[in-house]
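Beneath this line is the structure, given in C-alpha cells, with notes to follow.
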Amino acid sequence: MRKLLDIGEEQLRKLINEMGSDALNSLENARKSLKGEFNSTEEISSKLHLLRNEVLDIATELLVRYSPVASDLRFIQSSIDVSYDLYRISRYAMEIERTAKIVGAEESELIKEGFELTIEAVKTAIEAFENLDEVSAGKLLEIDNRIDDLYIQSLENLKSLASSPVEALIMRHLERISDHAKEIGARVVYVKEGKRV
Amino acid sequence: MNFAIETVNLNVYYGQNHVIKGVDLKIPNRGVFALMGPSGCGKSTMLRTFNRLIELNEGARVDGEVRLFGENIYSGDVDPIEVRKRVGMVFQYPNPFPHLTIYDNVAIGLKLNGLVKSKEELDERVEWALKKAALWDEVKDRLNDYPGNLSGGQRQRLVIARALAMKPEVLLMDEPTANIDPVGTAKIEELLLELKEDYTIVLVTHSPAQAARVADHVAFLYLGELIEVGPARKVFENPEHELTEKYVTGALG
C-alpha cells in the first residue's frame, strides 16, 4: 500500500511541476505582450484548468483509497492548494495580456521591476515546492513585500497622475501573482513542518 | 485535571522480558483514547494493567502505579474484583456465553453481583444496556435466543451491552473490530462516538486509520515505550516523532 500511495504522490508531483512550468511561461508571455507580442496565455490558462482538475481527481482518489495521514496527508492537501495557486497565476497573466491587447501598455520602470520580481517569486515558489525547501519560503515573503511596495507606488502614481492607470492595473495583477507564490511557500512550510504560516 | 487513568512509571515484565518500559500516561475522563502500535509493542499488555487483568497471567509482574480517578489500583488494600467492576473490558473475539440467552448474557453480571433488587429492575437494566449498545432494536423480539444466532458484529455489541450493564466508569476495548466485517465495524465505531459522551473508552487498535476515525487522543507505543501521545488530530496531521510518522504512514518496518 505504501508503494501505491508513493506512485500517486509521484503523479501529483509531476503534474504540479508541469503546471509550474506552464504558469511561468504564461507570466513571461504576459510580459512580452507589453511589447506587442501576443502569445497564448489563454490557452495555457485553459490547460492549467484541466491539469488542476486532474490534480483534484488524483488527490481525491488517494484520500479515499489510502486514508493518508501525517506528511502524506499534508502533501496531498498542499498539492490541491498549490494547483489552485498556479492556475490563478496563469489567469492573472492572461488578464495582463488581455489588458495590453485592448488598452495597450508600455513597460515602465515600475512594471519592469515588478515583472522581474514576480517572475523570480514564481520560479522560487515552484522550485521550493519541487524540492520541499522551506528556506525559500522566507525569500518569498521578502519578494512579496517588495512587490507590495511597488503596487502601492503605482497607486500613488495614479493619484498624482504621474503615470497611466494601466500601470496600476498591471501592478495589481502582479501583486496578486506574487501573493499566490507566497502561499505556495507557506504550503512548503506546512508539508515540511506541519506549521500553518 | 482529573484523569480517568494515569500511569506513573509503569513497568511490566513477563519473566525476564521487560515489555512495558517506564510509561507515564494520562488518559482524560470521557472520550475515546486509542493505544496504537505494531504487533508486540505492548499495547494489549498495557490495557490489561488498567483493570488488573494482567495478574491472571502468572508470569507477569507490574511495577509502578496505575491510578483510576486518582486512586492507585495496585495498592495493597484494593480488591481487583472491585476494580474490574469499575473498568469493563471487551476483547478481540466476541465472547458471549454461548449457553446463556441474549437476555441472560446481559443480566448475568448483575445477578451474580446482586446489583438489582427486582426482576423489573433487571429487565429495565438489560433493556437500557442493549439500547446503549445499539442492539436493542435488533434483538428485542428474540431475547430468549442464543447468541450463536447473532452475527459477529451483533455478538460484539452484545458483549459491550454485558459490560455496560455493570455501569462501569471506564471501558477497555482490545481490538474490538479485528474480527468483525466492515458493516459491523462501522456500527461499533458509531457506537463508540455515542458512548464516549458518558464513558472513558480506551481502545487498543493496530489500525492507525481506525484510531484516526474514532479517537480523541492517541498514544503510540513501540517496543514497550511510549513514543508519542496527544490529540488525535495533532498526531495524525503532524506527529512530533519520526517513528510515529513512519508508523502512521505505513513506512515502519
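Residues in the C-alpha cells are numbered from 1 in each chain, the chains being A, B, ... in the order shown, and ligands are numbered from 1 in the order shown.
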
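Using only C-alpha atoms, one finds that the residues of chain A close to chain B, at 6 Å or less, are Val69, Ala70 and Gly194 of chain A.
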
Output N, CA, C and O atoms for every residue in that selection, as a PDB file, in the first residue's frame.
ATOM      1  N   VAL A  69      -2.217   9.981   6.235  1.00  0.00           N
ATOM      2  CA  VAL A  69      -2.085  10.892   7.378  1.00  0.00           C
ATOM      3  C   VAL A  69      -0.686  11.504   7.371  1.00  0.00           C
ATOM      4  O   VAL A  69       0.114  11.213   6.491  1.00  0.00           O
ATOM      5  N   ALA A  70      -0.449  12.356   8.359  1.00  0.00           N
ATOM      6  CA  ALA A  70       0.863  12.969   8.600  1.00  0.00           C
ATOM      7  C   ALA A  70       1.414  13.620   7.311  1.00  0.00           C
ATOM      8  O   ALA A  70       0.676  14.293   6.604  1.00  0.00           O
ATOM      9  N   GLY A 194       4.554  20.953   9.281  1.00  0.00           N
ATOM     10  CA  GLY A 194       3.206  20.852   9.853  1.00  0.00           C
ATOM     11  C   GLY A 194       2.700  22.154  10.428  1.00  0.00           C
ATOM     12  O   GLY A 194       1.664  22.180  11.078  1.00  0.00           O
TER      13      GLY A 194
END

Check your understanding: Leaving out stretch 85-98 of chain A and any residue of its chain fewer than 3 positions from it, which residues lie within 7 Å of it when counting only C-alpha atoms, given as a PyMOL selection string?
Key -> chain A and resi 19-20+23+26-27+30+33+41-42+45+48-49+81-82+101-102+170+173+177+180

Per DSSP on the backbone, what are the alpha helix (DSSP H) residues of stretch 31-127 of chain A, as a PyMOL selection string? chain A and resi 31-33+41-66+70-103+109-127

Export C-alpha atoms of the chosen residues as a CSV table (one decimal), in the first residue's frame?
chain,number,residue,atom,x,y,z
A,31,ARG,CA,5.4,40.4,-20.1
A,32,LYS,CA,6.1,40.1,-23.9
A,33,SER,CA,2.5,41.3,-24.6
A,41,THR,CA,-1.8,32.9,-22.3
A,42,GLU,CA,-5.4,32.0,-22.6
A,43,GLU,CA,-4.6,28.5,-24.0
A,44,ILE,CA,-2.1,28.0,-21.2
A,45,SER,CA,-4.7,29.0,-18.6
A,46,SER,CA,-7.3,26.6,-20.1
A,47,LYS,CA,-4.7,23.8,-19.9
A,48,LEU,CA,-3.9,24.6,-16.3
A,49,HIS,CA,-7.6,24.4,-15.5
A,50,LEU,CA,-7.7,20.9,-16.9
A,51,LEU,CA,-4.5,19.9,-15.0
A,52,ARG,CA,-5.9,21.3,-11.8
A,53,ASN,CA,-8.9,19.1,-12.2
A,54,GLU,CA,-6.6,16.1,-12.8
A,55,VAL,CA,-4.8,17.0,-9.5
A,56,LEU,CA,-8.1,17.1,-7.7
A,57,ASP,CA,-9.1,13.7,-9.1
A,58,ILE,CA,-5.9,12.0,-8.1
A,59,ALA,CA,-5.8,13.7,-4.7
A,60,THR,CA,-9.4,12.7,-4.0
A,61,GLU,CA,-8.7,9.1,-5.1
A,62,LEU,CA,-5.6,8.9,-2.8
A,63,LEU,CA,-7.6,10.3,0.1
A,64,VAL,CA,-10.4,7.8,-0.4
A,65,ARG,CA,-8.3,4.8,-1.1
A,66,TYR,CA,-5.5,5.1,1.4
A,70,ALA,CA,0.9,13.0,8.6
A,71,SER,CA,3.3,14.1,5.9
A,72,ASP,CA,1.4,12.2,3.2
A,73,LEU,CA,-1.8,14.0,4.1
A,74,ARG,CA,-0.1,17.4,4.2
A,75,PHE,CA,1.5,16.8,0.8
A,76,ILE,CA,-1.8,15.8,-0.8
A,77,GLN,CA,-3.7,18.7,0.8
A,78,SER,CA,-1.0,21.1,-0.3
A,79,SER,CA,-0.9,19.8,-3.9
A,80,ILE,CA,-4.6,20.7,-4.2
A,81,ASP,CA,-3.9,24.3,-2.9
A,82,VAL,CA,-0.7,24.7,-5.0
A,83,SER,CA,-2.5,23.6,-8.2
A,84,TYR,CA,-5.1,26.3,-7.5
A,85,ASP,CA,-2.4,28.9,-6.9
A,86,LEU,CA,-0.7,28.0,-10.2
A,87,TYR,CA,-3.9,28.1,-12.1
A,88,ARG,CA,-4.7,31.6,-10.7
A,89,ILE,CA,-1.2,32.8,-11.6
A,90,SER,CA,-2.0,31.8,-15.2
A,91,ARG,CA,-5.3,33.6,-15.0
A,92,TYR,CA,-3.7,36.9,-13.9
A,93,ALA,CA,-1.1,36.5,-16.6
A,94,MET,CA,-3.9,36.1,-19.1
A,95,GLU,CA,-5.6,39.3,-17.7
A,96,ILE,CA,-2.4,41.2,-18.2
A,97,GLU,CA,-2.1,40.1,-21.8
A,98,ARG,CA,-5.8,41.0,-22.4
A,99,THR,CA,-5.3,44.4,-20.9
A,100,ALA,CA,-2.3,45.0,-23.1
A,101,LYS,CA,-4.2,43.9,-26.1
A,102,ILE,CA,-7.3,46.1,-25.5
A,103,VAL,CA,-5.8,49.2,-23.8
A,109,GLU,CA,10.5,51.1,-15.0
A,110,LEU,CA,8.0,50.2,-12.3
A,111,ILE,CA,6.4,47.5,-14.3
A,112,LYS,CA,9.8,46.2,-15.4
A,113,GLU,CA,10.9,45.8,-11.8
A,114,GLY,CA,7.5,44.3,-10.9
A,115,PHE,CA,7.8,41.7,-13.6
A,116,GLU,CA,11.4,40.8,-12.7
A,117,LEU,CA,10.4,40.3,-9.1
A,118,THR,CA,7.2,38.4,-9.8
A,119,ILE,CA,9.0,36.0,-12.2
A,120,GLU,CA,11.6,35.4,-9.5
A,121,ALA,CA,8.9,34.8,-6.9
A,122,VAL,CA,7.1,32.3,-9.1
A,123,LYS,CA,10.3,30.5,-10.0
A,124,THR,CA,11.3,30.4,-6.3
A,125,ALA,CA,7.9,29.0,-5.3
A,126,ILE,CA,7.9,26.3,-7.9
A,127,GLU,CA,11.4,25.2,-7.0

Env of stretch 148-159 of chain B: 10 Å cut, atoms = only C-alpha atoms, seq-sep filter 4 positions within chain, self excluded. Answer as a PyMOL selection string. chain B and resi 89-103+105-106+129-130+132-136+138-139+163-165+176-177+179-188+191

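Note that the spacing between atom CA of B:Arg61 and atom CA of B:Glu175 amounts to 23.3 Å.
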
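Minimum atom-to-atom distances from A:Glu134, A:Glu37, A:Asp144, A:Asp22 to A:Ala181 were compared using only C-alpha atoms, and the lowest value belongs to A:Asp144.
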
So that I can see what lies close to B:Arg48, please list as JSON, numbers by chain the residues with an atom at most 12 Å from it, counting only C-alpha atoms and leaving out residues fewer than 5 positions away in the same chain. {"B": [12, 20, 42, 43, 53, 54, 55, 56, 57, 60, 61, 62, 66, 80, 83, 84, 87, 88, 89, 90, 91, 171, 172, 173, 174, 202, 203, 204]}

Selected residues, C-alpha atoms, written as a tab-separated table (two decimals), in the first residue's frame, please.
chain	number	residue	atom	x	y	z
B	12	VAL	CA	5.56	-4.79	33.16
B	20	ILE	CA	6.31	-2.08	29.25
B	42	GLY	CA	2.82	-3.92	24.49
B	43	LYS	CA	-0.50	-2.18	23.88
B	53	LEU	CA	-6.43	-8.48	34.40
B	54	ILE	CA	-2.69	-8.81	33.84
B	55	GLU	CA	-2.47	-10.62	37.18
B	56	LEU	CA	-4.24	-13.66	35.70
B	57	ASN	CA	-1.00	-14.25	33.80
B	60	ALA	CA	3.58	-11.19	34.74
B	61	ARG	CA	4.94	-8.63	37.21
B	62	VAL	CA	3.80	-5.00	37.39
B	66	VAL	CA	-2.00	2.81	37.67
B	80	PRO	CA	-9.01	-6.41	41.93
B	83	VAL	CA	-11.52	-2.66	40.05
B	84	ARG	CA	-12.87	-4.90	37.29
B	87	VAL	CA	-13.38	-0.97	34.47
B	88	GLY	CA	-15.20	-3.12	31.92
B	89	MET	CA	-13.48	-4.95	29.11
B	90	VAL	CA	-14.29	-6.05	25.58
B	91	PHE	CA	-11.98	-8.43	23.75
B	171	LEU	CA	-14.47	0.66	29.13
B	172	LEU	CA	-11.36	-1.08	27.79
B	173	MET	CA	-11.56	-2.45	24.25
B	174	ASP	CA	-8.86	-4.68	22.86
B	202	VAL	CA	-9.55	3.04	25.98
B	203	LEU	CA	-9.27	1.38	22.60
B	204	VAL	CA	-6.38	-0.78	21.50

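Here atom CA of A:Glu130 and atom CA of A:Phe38 stand 29.6 Å from one another.
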
In Å and to one decimal, atom CA of A:Ile7 is distant from atom CA of A:Ser67 by 14.9 Å
